[in-house]
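Participant: Quick one: the structure is below, and I'll ask about it shortly.
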Amino acid sequence: MNDKCIECSISTKKMVGLKYTVGTVDDADKIKDILDIPIDVGNVLCSKCWSGVCFSLSKIRKETTTVSPPDSQVLSSESPTVVEKKDPVYEPPKVQKPLAEESIELPYKRVVSTHAYCFICGKESSIINIPFEARKQLFSETGIFIPQGNRCCHQHLLKNRLYPDEIKDLRVVAHSSSIKASDLTKLLNKLSIDSDRELMDRIADFSIPEERIYTFTGLTWEQIIKLRDMMTSLRNSDNRTVTQALVVFLFRLRTGNSNEMICSILGLERHHQVSDFSTSILDSFEKDVLPSRFGLKAANHDQLIRDHTTPLLNKLHNVSDLNLGLVGDGTYIKHQKSSNNEYQRKSYSGHKKLPLCKPFTLCALDGYVVDVLGPFYATENDATILGSLLAEDQSDLKKLMCKENDVFVLDRGFRDIQSRLEDEKYRVLMPSLKNKKDKQLTA
């Protein structure tokens with residue numbers, strides 16, 4: 001391998017300037033005479049050593065040699081002719097300067113051309129070069145051109161794309177654009193590639209418009225990215241990214257379409273991928289998101305009262321000693337008749353005359369769902385369910401309702417547990433019954 005200078009042994013990777021490669025046998029012989037070392041075709045000289053060789057060759061070129069002609073060529077008795085012999089001068093190859101790139105004037109509107117400040121808001125600090133993806137996005141959506149070298153602030157970009165609100169506020173300063181040939185070629189090639197891409201590929205690089213992704217999922221790109229970042233245990237795979245799997249799951253959740261329909265709309269290879277993606281998202285959501293953000297273990301007594309109380313009740317808190325923070329009630333989920341005889345008897349509601357189960361919902365006063373407990377049997381009433389939740393000493397519900405004098409606002413269905421709650425030093429508010437002698441309920 002000719003990876004070193006044949007004279008000074010410096011590596012070609014460390015050479016500064018141009019290097020010279022011996023190309024012919026004649027060149028090798030001449031350099032061999034000067035350097036007095038073996039030289040072969042293909043050997044390399046660094047710029048410093050080659051300059052020394054060129055200097056020596058120049059000296060040889062200036063020397064004159066007296067040459068006597070053969071006898072047949074001697075025509076007179078005059079002194080022999082003096083002939084000056086010149087050797088070719090070996091000079092390093094010259095690097096040709098690139099020609100100025102041609103620009104094309106096209107009738108496309110453009111924004112201001114500057115790299116001194118943000119072309120959107122005018123800020124002069126903490127600005128970056130506008131990514132090519134953002135330039136392509138604006139051109140494909142609106143036909144407005146952003147000159148190469150323009151700069152903008154970080155907050156205007158989401159994954160190298162402009163926010164839709166930023167696009168609406170852009171100011172056009174000219175109705176023609178001067179575009180370099182290479183930039184135009186790159187733009188056209190990129191647009192031609194994008195025209196054949198499937199919808200899933202556009203989801204992977206966030207190139208779907210904000211309005212369309214909101215229609216598909218009910219979330220904006222910013223919300224999807226925030227939700228994706230919470231799922232720390234889920235990784236990108238060969239056939240999908242985490243973002244693609246999340247969008248497929250949200251689209252299925254929002255529309256309720258069949259796997260075959262979703263596969264056809266989003267351009268998946270197999271309809272089984274819809275189920276695979278959804279399962280991966282649910283497993284990660286249950287593992288990474290639910291424990292820290294939902295349920296009684298993630299709830300905080302003071303935070304619920306501070307952040308999840310309606311304005312009217314906040315005013316009541318300020319003028320009274322009531323801490324109204326939670327609403328709990330059992331609801332019904334109807335289901336088919338069970339083949340398990342034991343569960344069949346416990347799931348039949350004599351009140352509704354149907355088989356059902358009862359999840360017990362806890363929510364804040366503004367509608368924020370704290371947890372859904374259960375489900376419980378249809379034969380259990382609200383008082384029995386609440387009693388079972390408070391039965392354990394380390395009950396999560398008891399930890400949440402940790403302050404004395406907290407108020408339970410209950411209907412008559414909880415009357416059997418009223419005394420127990422009062423023994424726990426909670427305050428219970430419940431409608432009273434009218435006596436036979438009374439004509440109406442008390443205030």
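Ordering of the structure tokens sets the chain letters (A, B, ...), residue numbers begin anew at 1 in every chain, and ligands are numbered from 1 in the order given.
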Quick one: everything within 8 Å of stretch 148-153 of chain A, counting only C-alpha atoms, minus sequence neighbours fewer than 4 positions away in the same chain. Send it as a PDB file with C-alpha atoms, in the first residue's frame.

Facilitator:
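See around11.pdb below for the written result:
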```
ATOM      1  CA  SER A 113     -33.404  36.457   1.983  1.00  0.00           C
ATOM      2  CA  THR A 114     -31.152  36.907   5.030  1.00  0.00           C
ATOM      3  CA  HIS A 115     -28.959  34.978   7.431  1.00  0.00           C
ATOM      4  CA  ALA A 116     -28.461  37.850   9.889  1.00  0.00           C
ATOM      5  CA  TYR A 117     -31.773  37.356  11.715  1.00  0.00           C
ATOM      6  CA  CYS A 118     -34.792  35.031  11.934  1.00  0.00           C
ATOM      7  CA  PHE A 119     -36.811  35.491   8.752  1.00  0.00           C
ATOM      8  CA  ILE A 120     -40.039  34.782  10.696  1.00  0.00           C
ATOM      9  CA  CYS A 121     -39.816  36.914  13.852  1.00  0.00           C
ATOM     10  CA  LYS A 123     -34.785  37.701  16.333  1.00  0.00           C
ATOM     11  CA  SER A 126     -30.061  31.744  19.052  1.00  0.00           C
ATOM     12  CA  ILE A 127     -30.957  31.165  15.410  1.00  0.00           C
ATOM     13  CA  ILE A 128     -30.127  28.203  13.175  1.00  0.00           C
ATOM     14  CA  ASN A 129     -30.083  27.511   9.451  1.00  0.00           C
ATOM     15  CA  ILE A 130     -33.530  26.613   8.183  1.00  0.00           C
ATOM     16  CA  LEU A 157     -39.716  24.190  14.212  1.00  0.00           C
ATOM     17  CA  ASP A 183     -30.757  23.504  -4.969  1.00  0.00           C
TER      18      ASP A 183
END
```

Participant: Taking the DSSP assignment computed from this structure's backbone, write out as JSON, numbers by chain all residues of stretch 167-299 of chain A that belong to strand (DSSP E).

Facilitator: {"A": [177, 178, 179, 180]}

Participant: For stretch 411-425 of chain A, please output as a list of chain:residue names all residues within 10 Å (counting only C-alpha atoms; exclusion window: fewer than 2 positions along the same chain).

Facilitator: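 Everything that qualifies: A:Asp329, A:Asn381, A:Asp382, A:Ala383, A:Thr384, A:Ile385, A:Leu386, A:Gly387, A:Leu390, A:Lys398, A:Lys403, A:Glu404, A:Asn405, A:Asp406, A:Val407, A:Phe408, A:Val409, A:Arg427, A:Val428, A:Leu429, A:Met430, A:Pro431, A:Ser432, A:Leu433.
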
Participant: Could you save the residues just selected, with C-alpha atoms, as a short mmCIF file (atom, residue, chain, number, x, y, z; two decimals), in the first residue's frame?

Facilitator:
```cif
data_model
loop_
_atom_site.label_atom_id
_atom_site.label_comp_id
_atom_site.auth_asym_id
_atom_site.auth_seq_id
_atom_site.Cartn_x
_atom_site.Cartn_y
_atom_site.Cartn_z
CA ASP A 329 -70.33 6.21 42.22
CA ASN A 381 -74.69 -2.17 46.38
CA ASP A 382 -72.77 1.12 46.57
CA ALA A 383 -72.35 0.96 50.34
CA THR A 384 -70.91 -2.55 50.23
CA ILE A 385 -68.45 -1.55 47.49
CA LEU A 386 -67.24 1.54 49.35
CA GLY A 387 -66.94 -0.49 52.55
CA LEU A 390 -62.01 1.12 52.98
CA LYS A 398 -57.85 5.82 52.75
CA LYS A 403 -57.38 14.44 56.23
CA GLU A 404 -59.95 14.54 58.98
CA ASN A 405 -63.16 16.44 58.30
CA ASP A 406 -62.99 15.70 54.60
CA VAL A 407 -66.53 15.57 53.28
CA PHE A 408 -68.31 12.63 51.67
CA VAL A 409 -71.36 13.82 49.73
CA ARG A 427 -68.01 14.34 57.50
CA VAL A 428 -70.95 12.81 55.63
CA LEU A 429 -73.54 14.85 53.78
CA MET A 430 -76.59 12.85 52.72
CA PRO A 431 -80.19 13.76 51.89
CA SER A 432 -82.50 13.08 54.82
CA LEU A 433 -85.83 11.27 54.69
#
```

Participant: Please, which residues of stretch 206-369 of chain A, numbered as in this document, come out alpha helix (DSSP H) from DSSP, as a ChimeraX atom specification?

Facilitator: /A:210-217,221-230,242-255,259-266,272-284,290-293,301-307,311-319,341-346

Participant: Mind writing the picked residues with C-alpha atoms as an mmCIF file, in the first residue's frame?

Facilitator:
```
data_model
loop_
_atom_site.group_PDB
_atom_site.id
_atom_site.type_symbol
_atom_site.label_atom_id
_atom_site.label_comp_id
_atom_site.auth_asym_id
_atom_site.auth_seq_id
_atom_site.Cartn_x
_atom_site.Cartn_y
_atom_site.Cartn_z
ATOM 1 C CA GLU A 210 -51.245 19.173 11.392
ATOM 2 C CA GLU A 211 -54.923 19.272 10.382
ATOM 3 C CA ARG A 212 -54.792 15.810 8.835
ATOM 4 C CA ILE A 213 -53.048 14.127 11.766
ATOM 5 C CA TYR A 214 -55.581 15.751 14.114
ATOM 6 C CA THR A 215 -58.403 14.296 12.011
ATOM 7 C CA PHE A 216 -56.802 10.844 12.187
ATOM 8 C CA THR A 217 -55.965 10.774 15.900
ATOM 9 C CA TRP A 221 -48.105 16.450 16.472
ATOM 10 C CA GLU A 222 -46.815 18.074 19.662
ATOM 11 C CA GLN A 223 -49.174 16.006 21.824
ATOM 12 C CA ILE A 224 -48.299 12.792 19.945
ATOM 13 C CA ILE A 225 -44.576 13.404 20.456
ATOM 14 C CA LYS A 226 -45.140 14.133 24.156
ATOM 15 C CA LEU A 227 -47.114 10.891 24.545
ATOM 16 C CA ARG A 228 -44.487 8.951 22.586
ATOM 17 C CA ASP A 229 -41.706 10.228 24.848
ATOM 18 C CA MET A 230 -43.546 8.840 27.882
ATOM 19 C CA VAL A 242 -42.861 4.190 17.858
ATOM 20 C CA THR A 243 -44.592 7.172 16.256
ATOM 21 C CA GLN A 244 -46.099 5.013 13.511
ATOM 22 C CA ALA A 245 -47.383 2.447 16.025
ATOM 23 C CA LEU A 246 -48.908 5.199 18.179
ATOM 24 C CA VAL A 247 -50.687 6.846 15.236
ATOM 25 C CA VAL A 248 -52.099 3.484 14.102
ATOM 26 C CA PHE A 249 -53.383 2.783 17.629
ATOM 27 C CA LEU A 250 -54.934 6.259 18.022
ATOM 28 C CA PHE A 251 -56.510 6.028 14.555
ATOM 29 C CA ARG A 252 -58.038 2.658 15.458
ATOM 30 C CA LEU A 253 -59.232 4.012 18.803
ATOM 31 C CA ARG A 254 -60.801 7.086 17.200
ATOM 32 C CA THR A 255 -62.520 5.475 14.214
ATOM 33 C CA ASN A 259 -57.976 -3.855 10.740
ATOM 34 C CA GLU A 260 -58.364 -4.391 6.994
ATOM 35 C CA MET A 261 -59.795 -0.884 6.538
ATOM 36 C CA ILE A 262 -57.037 0.741 8.613
ATOM 37 C CA CYS A 263 -54.402 -1.262 6.734
ATOM 38 C CA SER A 264 -55.761 -0.014 3.418
ATOM 39 C CA ILE A 265 -56.027 3.646 4.490
ATOM 40 C CA LEU A 266 -52.577 3.916 6.096
ATOM 41 C CA HIS A 272 -52.244 -8.132 11.277
ATOM 42 C CA GLN A 273 -49.804 -5.274 11.871
ATOM 43 C CA VAL A 274 -52.658 -3.141 13.227
ATOM 44 C CA SER A 275 -53.202 -5.601 16.083
ATOM 45 C CA ASP A 276 -49.462 -5.986 16.654
ATOM 46 C CA PHE A 277 -48.918 -2.236 16.879
ATOM 47 C CA SER A 278 -51.906 -1.765 19.197
ATOM 48 C CA THR A 279 -50.722 -4.527 21.534
ATOM 49 C CA SER A 280 -47.253 -2.986 21.762
ATOM 50 C CA ILE A 281 -48.697 0.448 22.565
ATOM 51 C CA LEU A 282 -51.060 -0.929 25.234
ATOM 52 C CA ASP A 283 -48.275 -2.911 26.926
ATOM 53 C CA SER A 284 -45.982 0.113 26.995
ATOM 54 C CA LEU A 290 -50.444 4.396 33.922
ATOM 55 C CA PRO A 291 -48.515 3.825 37.204
ATOM 56 C CA SER A 292 -47.280 7.404 37.444
ATOM 57 C CA ARG A 293 -50.275 9.301 36.023
ATOM 58 C CA HIS A 301 -55.125 14.861 48.034
ATOM 59 C CA ASP A 302 -54.080 18.524 47.967
ATOM 60 C CA GLN A 303 -53.409 18.551 44.233
ATOM 61 C CA LEU A 304 -56.906 17.256 43.426
ATOM 62 C CA ILE A 305 -58.492 20.011 45.517
ATOM 63 C CA ARG A 306 -56.187 22.687 44.081
ATOM 64 C CA ASP A 307 -56.127 21.750 40.384
ATOM 65 C CA PRO A 311 -64.359 27.815 40.122
ATOM 66 C CA LEU A 312 -67.650 27.853 42.047
ATOM 67 C CA LEU A 313 -66.431 25.315 44.591
ATOM 68 C CA ASN A 314 -63.118 27.151 44.919
ATOM 69 C CA LYS A 315 -65.132 30.140 46.116
ATOM 70 C CA LEU A 316 -66.986 27.877 48.555
ATOM 71 C CA HIS A 317 -63.664 26.609 49.895
ATOM 72 C CA ASN A 318 -62.603 30.165 50.619
ATOM 73 C CA VAL A 319 -65.734 30.973 52.655
ATOM 74 C CA ASN A 341 -73.133 -20.674 37.188
ATOM 75 C CA GLU A 342 -71.593 -19.058 40.254
ATOM 76 C CA TYR A 343 -70.752 -15.811 38.446
ATOM 77 C CA GLN A 344 -74.085 -15.940 36.601
ATOM 78 C CA ARG A 345 -75.983 -15.703 39.886
ATOM 79 C CA LYS A 346 -73.755 -12.891 41.214
#
```

Participant: Atom CA of A:Leu389 to atom CA of A:Phe285: how many Å, to one decimal?

Facilitator: 25.5 Å

Participant: Can you tell me which residues surround A:Ser56 at a distance of at most 9 Å, considering only C-alpha atoms, apart from same-chain residues fewer than 5 positions away, and format the answer as a ChimeraX atom specification?

Facilitator: /A:34,51,61

Participant: If I take atom CA of A:Lys287 and atom CA of A:Asn300, how far is one from the other in Å, to one decimal?

Facilitator: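 Computing the Euclidean distance for atom CA of A:Lys287 and atom CA of A:Asn300 yields 20.4 Å.
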